[in-house]
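S.K.: What follows is a single structure, and I will ask about it in a moment.
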Amino acid sequence: MAGSASPTVDVFIRSYHRDRAWLALALRAIAHYLHGHRRVVVVMPRSSRDRMGETGNVHVEYCADYADDYLGQQITKLHADLHTDADVILHLDSDQVLVAPCDVRQLFDGARIRIDYRADGNRPATDGWRRAARDFFGDEPPWDLTVPPPLAMPRELYAGLRAFCLRRHGCTLIDYALRQGADRFCEFALLRGYALRFAGDLCTWSTAPPLPQCRTFWSRRETPAGIAAQLPAALAQESWTTCPSA
Amino acid sequence: MLNLYSDANERLDLKVCRNLASEFRPELFAMLRPLHLAHLVEELWTPLCAAGPTVSAVALEERPWPPTGVGARRLRGFCTALLVDGRQAILTPHLLAADQQSNVGLAAALTTVLFGQLAQQDVREVGLWVNGSSSFVASLLRRHGFAPGEMRVVSDGCEFVLFVAPAETVLKELRIAEARLGDLLALSLDAAAIATVAGYHLGLQAGIAAYWADQVAQTEIYPGLIDWAALPPSGIGGTPGPGLPDIEQPIFGS
């Protein structure tokens with residue numbers, strides 16, 4: 001980080017047309033509950049441009065289309081620093097909804113960024129995603145680093161991670177990800193793994209989630225309408241979808 | 001405007017492919033089986049895709065999890081064009097999955113994606129084989145900018161005439177030239193445009209239904225292929241037939 005007393009924080013969401021309704025809900029929840037961030041940056045593949053409705057004041061950028069967008073969205077997140085100049089990038093997914101007031105100051109422990117990990121061994125060490133960090137860095141990390149977002153990262157780590165990939169694997173992070181496949185690659189494990197190895201003085205590690213006000217749903221099976229009863233009234237009362245332009 | 005298919009269409013990925021029969025073979029079988037058309041994979045799409053360059057627009061739905069592997073994708077609809085001489089495309093009307101038969105938003109979106117890809121390949125003209133005795137489909141196509149051309153094929157005692165139109169004109173006549181893909185899939189169009197789009201796509205669907213039912217003599221539309229065995233003598237549009245073998249060449253001189 002640049003060392004300023006109050007680093008800028010952007011929320012970064014990689015989405016696509018299928019998550020349109022989830023994205024609308026997530027953005028509404030951010031507008032309603034999150035404080036202290038500079039802006040929200042949404043990135044989606046170019047092929048989604050024609051499928052999305054109005055996104056209001058949110059800054060939307062478009063990235064390359066990938067044959068397998070499950071990998072594609074992971075690749076985009078590992079290049080988040082190319083889409084924003086914020087000091088700290090807060091990753092959220094389209095199907096993650098803030099359900100209570102929160103502040104980006106929760107992401108910090110003084111000048112350090114709070115990063116969470118999992119210590120309960122819920123995911124076996126043989127799991128493909130858990131192995132992603134070991135395969136990438138060459139040794140077993142001490143914890144399970146595959147925890148989903150919210151995850152805040154200092155911007156300088158992204159370029160460092162990509163350079164590390166070039167040095168260690170002789171290829172770009174994009175080629176590395178495509179070579180591994182969706183069941184052997186975990187973008188958040190790599191970001192956490194790099195922070196753990198090379199940015200110890202920037203981070204505070206904990207098993208506690210940095211934003212406990214964030215609820216994670218599963219957009220591939222659930223719908224915003226289906227989980228409405230689990231949301232605060234302030235979010236549940238509004239429409240679930242943004243309508244395509246007429 | 002929400003409709004019966006809005007939610008399902010929102011989950012679809014629309015793509016183009018060069019060889020439907022090889023790239024989506026399992027998905028093709030799985031989609032056609034409930035329609036009792038699985039035999040067409042071998043009898044129509046495999047030879048069609050092998051006969052020449054083709055482009056297909058496909059609508060795919062991914063299962064919730066896992067995103068890859070056997071059964072990960074379901075084909076929900078497609079349409080195909082055979083490229084002829086690099087300038088013209090002969091269309092096979094769209095086919096939609098058994099539970100999508102009135103999903104005209106999807107049919108229109110497939111048409112738009114296919115025509116968009118053809119334009120990128122500088123193919124500006126599209127055609128459909130229409131039964132020479134057809135009134136219904138012939139009128140429908142004339143209304144949307146098509147006109148009968150010179151090319152003809154003969155199959156099962158019927159002559160099929162190639163109706164041709166600039167792809168751009170068809171989209172304009174359908175009132176969807178400027179429509180966004182998301183709006184087409186949601187049928188977020190004015191009522192007149194919905195009626196036009198529905199009339200055209202359901203008309204094509206009905207026009208080729210007899211062919212799908214193996215009743216070629218009764219079909220108004222023939223699939224978009226050039227079956228040389230079915231060509232009338234003298235070939236397509238009067239193209240000269242193959243030359244005589246050397247051994248049969250006339251011998252001049254002494």
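In the structure tokens, chains take the letters A, B, ... in the order shown, each chain's residues start at 1, and ligands count up from 1 in the order shown.
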Please provide the set of residues having any atom within 12 Å of Ala179 (chain B), restricted to only C-alpha atoms, with same-chain residues fewer than 6 positions apart removed, written as number ranges by chain.
M.R.: A: 50-51, 244-246; B: 105, 108-109, 112-113, 171-172, 185-190, 193-194, 197
S.K.: With a distance threshold of 6 Å and counting only C-alpha atoms, extract the residues of chain B near chain A and express them as an mmCIF file with N, CA and C atoms, in the first residue's frame.
M.R.:
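Here's the written file part.cif:
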```
data_model
loop_
_atom_site.group_PDB
_atom_site.id
_atom_site.type_symbol
_atom_site.label_atom_id
_atom_site.label_comp_id
_atom_site.auth_asym_id
_atom_site.auth_seq_id
_atom_site.Cartn_x
_atom_site.Cartn_y
_atom_site.Cartn_z
ATOM 1 N N GLU B 10 -32.648 -16.409 -19.194
ATOM 2 C CA GLU B 10 -31.581 -15.650 -18.549
ATOM 3 C C GLU B 10 -30.397 -16.549 -18.204
ATOM 4 N N ARG B 11 -30.671 -17.823 -18.017
ATOM 5 C CA ARG B 11 -29.587 -18.756 -17.659
ATOM 6 C C ARG B 11 -28.822 -19.265 -18.878
ATOM 7 N N PRO B 64 -26.244 -26.750 -12.309
ATOM 8 C CA PRO B 64 -25.683 -25.980 -11.186
ATOM 9 C C PRO B 64 -24.245 -26.374 -10.848
ATOM 10 N N ARG B 180 -31.434 -5.603 -28.495
ATOM 11 C CA ARG B 180 -30.366 -6.232 -27.711
ATOM 12 C C ARG B 180 -30.741 -7.682 -27.444
ATOM 13 N N LEU B 181 -29.695 -8.488 -27.315
ATOM 14 C CA LEU B 181 -29.915 -9.919 -27.106
ATOM 15 C C LEU B 181 -30.767 -10.174 -25.852
ATOM 16 N N GLY B 182 -30.463 -9.435 -24.785
ATOM 17 C CA GLY B 182 -31.205 -9.601 -23.538
ATOM 18 C C GLY B 182 -32.681 -9.285 -23.717
ATOM 19 N N ASP B 183 -32.982 -8.274 -24.531
ATOM 20 C CA ASP B 183 -34.376 -7.908 -24.773
ATOM 21 C C ASP B 183 -35.083 -8.963 -25.611
ATOM 22 N N SER B 188 -38.720 -8.526 -24.548
ATOM 23 C CA SER B 188 -38.998 -7.164 -24.131
ATOM 24 C C SER B 188 -39.074 -6.288 -25.382
#
```
S.K.: Could you write out, as a VMD selection string, all the residues of region 64-170 of chain A that DSSP marks as strand (DSSP E or B)?
M.R.: chain A and resid 88 to 92 96 to 98 102 to 103 108 to 109 112 to 116 118 144 151 to 154
S.K.: What would the file look like if the residues just selected were written as a PDB file, in the first residue's frame with C-alpha atoms?
M.R.:
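What ended up in selection-v3.pdb:
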```pdb
ATOM      1  CA  VAL A  88      -7.144  -2.048  -1.520  1.00  0.00           C
ATOM      2  CA  ILE A  89      -9.479  -4.235  -3.548  1.00  0.00           C
ATOM      3  CA  LEU A  90     -12.417  -5.806  -1.750  1.00  0.00           C
ATOM      4  CA  HIS A  91     -13.641  -8.889  -3.606  1.00  0.00           C
ATOM      5  CA  LEU A  92     -17.296  -9.787  -3.402  1.00  0.00           C
ATOM      6  CA  GLN A  96     -22.968 -12.317  -1.705  1.00  0.00           C
ATOM      7  CA  VAL A  97     -25.346  -9.970   0.028  1.00  0.00           C
ATOM      8  CA  LEU A  98     -24.661  -7.572   2.860  1.00  0.00           C
ATOM      9  CA  CYS A 102     -20.780  -2.432   7.855  1.00  0.00           C
ATOM     10  CA  ASP A 103     -17.715  -0.307   7.223  1.00  0.00           C
ATOM     11  CA  PHE A 108      -8.172  -3.268   8.659  1.00  0.00           C
ATOM     12  CA  ASP A 109      -6.160  -4.007  11.767  1.00  0.00           C
ATOM     13  CA  ARG A 112      -2.717  -4.154   8.128  1.00  0.00           C
ATOM     14  CA  ILE A 113      -5.438  -5.883   6.160  1.00  0.00           C
ATOM     15  CA  ARG A 114      -7.404  -8.626   7.859  1.00  0.00           C
ATOM     16  CA  ILE A 115      -7.394 -11.860   5.867  1.00  0.00           C
ATOM     17  CA  ASP A 116      -9.289 -14.942   6.913  1.00  0.00           C
ATOM     18  CA  ARG A 118     -10.047 -21.860   7.586  1.00  0.00           C
ATOM     19  CA  ASP A 144      -6.951 -24.014   4.163  1.00  0.00           C
ATOM     20  CA  LEU A 151     -11.511 -10.808   0.706  1.00  0.00           C
ATOM     21  CA  ALA A 152      -9.568  -7.548   0.745  1.00  0.00           C
ATOM     22  CA  MET A 153      -6.154  -7.441  -0.904  1.00  0.00           C
ATOM     23  CA  PRO A 154      -3.499  -4.719  -1.278  1.00  0.00           C
TER      24      PRO A 154
END
```
S.K.: Considering only C-alpha atoms, state which residue in the set A:Gly110, A:Pro150, A:Ser6, A:Phe136 is at the smallest distance from Leu166 (chain A).
M.R.: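 Result for the nearest residue to Leu166 (chain A): A:Phe136.
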S.K.: Just the number, please: distance in Å from CA of Leu35 (chain B) to CA of Ala195 (chain B), one decimal.
M.R.: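 Result for CA of Leu35 (chain B) versus CA of Ala195 (chain B): 25.5 Å, one decimal.
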S.K.: List the spatial neighbours of His169 (chain A) as number ranges by chain - criterion: any atom at most 12 Å away, only C-alpha atoms, same-chain residues fewer than 4 positions off excluded.
M.R.: A: 135-138, 161-165, 173-177, 179-180
S.K.: Could you turn the residues from that selection into a file that holds N, CA and C atoms, as a short mmCIF file (atom, residue, chain, number, x, y, z; two decimals), in the first residue's frame?
M.R.:
```cif
data_model
loop_
_atom_site.label_atom_id
_atom_site.label_comp_id
_atom_site.auth_asym_id
_atom_site.auth_seq_id
_atom_site.Cartn_x
_atom_site.Cartn_y
_atom_site.Cartn_z
N ASP A 135 0.24 -26.75 -5.26
CA ASP A 135 0.79 -26.94 -6.61
C ASP A 135 1.42 -25.66 -7.15
N PHE A 136 0.80 -24.55 -6.81
CA PHE A 136 1.28 -23.27 -7.36
C PHE A 136 2.56 -22.80 -6.66
N PHE A 137 2.58 -22.91 -5.32
CA PHE A 137 3.73 -22.37 -4.58
C PHE A 137 4.80 -23.42 -4.29
N GLY A 138 4.44 -24.69 -4.38
CA GLY A 138 5.45 -25.72 -4.22
C GLY A 138 5.49 -26.35 -2.84
N LEU A 161 1.95 -11.53 -7.73
CA LEU A 161 1.49 -12.91 -7.95
C LEU A 161 1.71 -13.33 -9.41
N ARG A 162 1.40 -12.43 -10.32
CA ARG A 162 1.55 -12.76 -11.74
C ARG A 162 3.02 -12.94 -12.11
N ALA A 163 3.86 -12.08 -11.53
CA ALA A 163 5.30 -12.19 -11.80
C ALA A 163 5.84 -13.50 -11.23
N PHE A 164 5.34 -13.86 -10.05
CA PHE A 164 5.76 -15.13 -9.43
C PHE A 164 5.42 -16.31 -10.33
N CYS A 165 4.23 -16.26 -10.91
CA CYS A 165 3.80 -17.35 -11.80
C CYS A 165 4.74 -17.47 -12.99
N LEU A 173 -0.24 -16.22 -15.72
CA LEU A 173 -1.23 -16.76 -14.80
C LEU A 173 -2.47 -17.25 -15.56
N ILE A 174 -2.77 -16.60 -16.66
CA ILE A 174 -3.92 -17.03 -17.49
C ILE A 174 -3.65 -18.43 -18.04
N ASP A 175 -2.48 -18.60 -18.64
CA ASP A 175 -2.17 -19.93 -19.21
C ASP A 175 -2.11 -20.98 -18.11
N TYR A 176 -1.57 -20.59 -16.96
CA TYR A 176 -1.47 -21.54 -15.86
C TYR A 176 -2.88 -22.00 -15.43
N ALA A 177 -3.78 -21.03 -15.29
CA ALA A 177 -5.14 -21.36 -14.85
C ALA A 177 -5.82 -22.27 -15.88
N ARG A 179 -4.51 -24.24 -17.93
CA ARG A 179 -3.87 -25.56 -17.94
C ARG A 179 -4.35 -26.40 -16.75
N GLN A 180 -4.56 -25.76 -15.63
CA GLN A 180 -4.98 -26.50 -14.43
C GLN A 180 -6.43 -26.98 -14.54
#
```
S.K.: Quick one: pull the distance between CA of Arg76 (chain B) and CA of Pro34 (chain B), Å, one decimal.
M.R.: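 Separation between CA of Arg76 (chain B) and CA of Pro34 (chain B): 11.9 Å.
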S.K.: Give me the residues within 7 Å of Leu83 (chain B) as a PDB file with N, CA and C atoms, in the first residue's frame, counting only C-alpha atoms and dropping any in the same chain fewer than 6 places off.
M.R.:
```pdb
ATOM      1  N   PRO B  53     -18.491 -26.103 -45.025  1.00  0.00           N
ATOM      2  CA  PRO B  53     -18.381 -25.260 -43.825  1.00  0.00           C
ATOM      3  C   PRO B  53     -19.769 -24.880 -43.307  1.00  0.00           C
ATOM      4  N   THR B  54     -19.953 -25.048 -42.044  1.00  0.00           N
ATOM      5  CA  THR B  54     -21.232 -24.671 -41.426  1.00  0.00           C
ATOM      6  C   THR B  54     -20.987 -23.750 -40.237  1.00  0.00           C
ATOM      7  N   ALA B  89     -25.449 -18.211 -47.298  1.00  0.00           N
ATOM      8  CA  ALA B  89     -25.649 -19.254 -46.286  1.00  0.00           C
ATOM      9  C   ALA B  89     -27.035 -19.848 -46.465  1.00  0.00           C
ATOM     10  N   ILE B  90     -27.093 -21.170 -46.512  1.00  0.00           N
ATOM     11  CA  ILE B  90     -28.392 -21.839 -46.617  1.00  0.00           C
ATOM     12  C   ILE B  90     -28.776 -22.327 -45.226  1.00  0.00           C
TER      13      ILE B  90
END
```
S.K.: So which residues touch region 55-58 of chain A within 9 Å, counting only C-alpha atoms, skipping near sequence neighbours fewer than 3 positions away, as number ranges by chain?
M.R.: A: 24, 27, 39-42, 52, 242
S.K.: Given the selection you just returned, output its residues as a file containing C-alpha atoms, formatted as a PDB file, in the first residue's frame.
M.R.:
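As a result, result.pdb now contains:
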```pdb
ATOM      1  CA  ALA A  24     -28.780  -6.183  -8.785  1.00  0.00           C
ATOM      2  CA  LEU A  27     -25.401  -3.767  -5.543  1.00  0.00           C
ATOM      3  CA  ARG A  39     -16.776   2.895  -5.576  1.00  0.00           C
ATOM      4  CA  VAL A  40     -17.984  -0.439  -6.901  1.00  0.00           C
ATOM      5  CA  VAL A  41     -16.293  -1.885  -9.979  1.00  0.00           C
ATOM      6  CA  VAL A  42     -18.180  -4.589 -11.846  1.00  0.00           C
ATOM      7  CA  MET A  52     -27.547  -6.810 -18.965  1.00  0.00           C
ATOM      8  CA  THR A 242     -33.238  -5.137 -13.363  1.00  0.00           C
TER       9      THR A 242
END
```
S.K.: Skip region 14-18 of chain B itself and residues of its chain fewer than 5 positions away, then list as an MDAnalysis selection string all residues within 7 Å of it, counting only C-alpha atoms.
M.R.: chainID B and resid 54:60
S.K.: Got time to write the residues from that selection, N, CA and C atoms, as a CSV table (one decimal), in the first residue's frame?
M.R.:
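Final output, saved to selection.csv:
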```csv
chain,number,residue,atom,x,y,z
B,54,THR,N,-20.0,-25.0,-42.0
B,54,THR,CA,-21.2,-24.7,-41.4
B,54,THR,C,-21.0,-23.7,-40.2
B,55,VAL,N,-22.0,-23.0,-39.9
B,55,VAL,CA,-22.0,-22.2,-38.7
B,55,VAL,C,-23.3,-22.5,-38.0
B,56,SER,N,-23.3,-22.7,-36.7
B,56,SER,CA,-24.5,-22.9,-35.9
B,56,SER,C,-24.5,-22.0,-34.7
B,57,ALA,N,-25.7,-21.5,-34.4
B,57,ALA,CA,-25.9,-20.8,-33.2
B,57,ALA,C,-26.5,-21.7,-32.2
B,58,VAL,N,-26.0,-21.8,-31.0
B,58,VAL,CA,-26.5,-22.8,-30.0
B,58,VAL,C,-26.8,-22.1,-28.7
B,59,ALA,N,-27.9,-22.6,-28.0
B,59,ALA,CA,-28.2,-22.1,-26.7
B,59,ALA,C,-27.9,-23.2,-25.7
B,60,LEU,N,-27.1,-22.9,-24.7
B,60,LEU,CA,-26.7,-23.9,-23.8
B,60,LEU,C,-27.1,-23.5,-22.4
```
S.K.: DSSP on the backbone: what in region 16-253 of chain B comes out helix (DSSP H, G or I), as a ChimeraX atom specification?
M.R.: /B:20-23,25-35,39-51,98-100,104-120,136-143,167-173,181-185,191-207,209-212,216-218,228-230,236-238,246-248
S.K.: With only C-alpha atoms counted and 9 Å as the cut-off, give the residues of region 55-173 of chain A in contact with region 196-201 of chain A, each with its shortest interatomic distance in Å and the pair that gives it, as a Markdown table.
M.R.:
```
| residue | atom | partner | partner_atom | distance |
| --- | --- | --- | --- | --- |
| A:Arg112 | CA | A:Asp201 | CA | 7.3 |
| A:Pro141 | CA | A:Leu196 | CA | 8.6 |
| A:Leu157 | CA | A:Ala199 | CA | 7.9 |
| A:Gly160 | CA | A:Phe198 | CA | 8.8 |
```
S.K.: Save out the residues we just selected, C-alpha atoms, as a short mmCIF file (atom, residue, chain, number, x, y, z; two decimals), in the first residue's frame.
M.R.:
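Result file follows (selection-v3.cif):
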```
data_model
loop_
_atom_site.label_atom_id
_atom_site.label_comp_id
_atom_site.auth_asym_id
_atom_site.auth_seq_id
_atom_site.Cartn_x
_atom_site.Cartn_y
_atom_site.Cartn_z
CA ARG A 112 -2.72 -4.15 8.13
CA PRO A 141 0.28 -23.87 3.22
CA LEU A 157 0.01 -8.18 -4.55
CA GLY A 160 3.57 -9.76 -7.65
#
```
S.K.: Choose the residue, out of A:Thr146, A:Thr216, A:Ser15, A:Ser94, that has the smallest atom-to-atom separation from Trp129 (chain A); count only C-alpha atoms.
M.R.: A:Thr146
S.K.: Between A:Asp93, A:Pro148, A:Arg192, A:Pro45, single out the one closest to Leu23 (chain A), counting only C-alpha atoms.
M.R.: A:Asp93
S.K.: Quick one: contact table of region 127-192 of chain B to region 218-221 of chain B, 9 Å max, nearest atom pair and distance in Å to one decimal per residue, counting only C-alpha atoms, chain and number order, as a tab-separated table?
M.R.:
```
residue	atom	partner	partner_atom	distance
B:Leu128	CA	B:Ile221	CA	7.1
B:Trp129	CA	B:Ile221	CA	5.6
B:Val130	CA	B:Ile221	CA	4.7
B:Asn131	CA	B:Glu220	CA	4.9
B:Gly132	CA	B:Glu220	CA	8.3
B:Ser133	CA	B:Glu220	CA	7.9
B:Ser134	CA	B:Glu220	CA	5.8
B:Ser135	CA	B:Glu220	CA	8.6
B:Phe136	CA	B:Glu220	CA	8.0
B:Val137	CA	B:Glu220	CA	6.5
B:Ala138	CA	B:Glu220	CA	8.4
B:Cys158	CA	B:Gln218	CA	8.8
B:Phe160	CA	B:Ile221	CA	7.8
```
S.K.: So that I can see what lies close to Arg155 (chain A), please list as a ChimeraX atom specification the residues with an atom at most 12 Å from it, counting only C-alpha atoms and leaving out residues fewer than 4 positions away in the same chain.
M.R.: /A:1-2,7-10,12,77-91,113,159-161,191,195,199,202
S.K.: Would you mind reading off the distance between CA of Leu34 (chain A) and CA of Cys63 (chain A), one decimal, in Å?
M.R.: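 If I compute the distance from CA of Leu34 (chain A) to CA of Cys63 (chain A), I get 25.9 Å.
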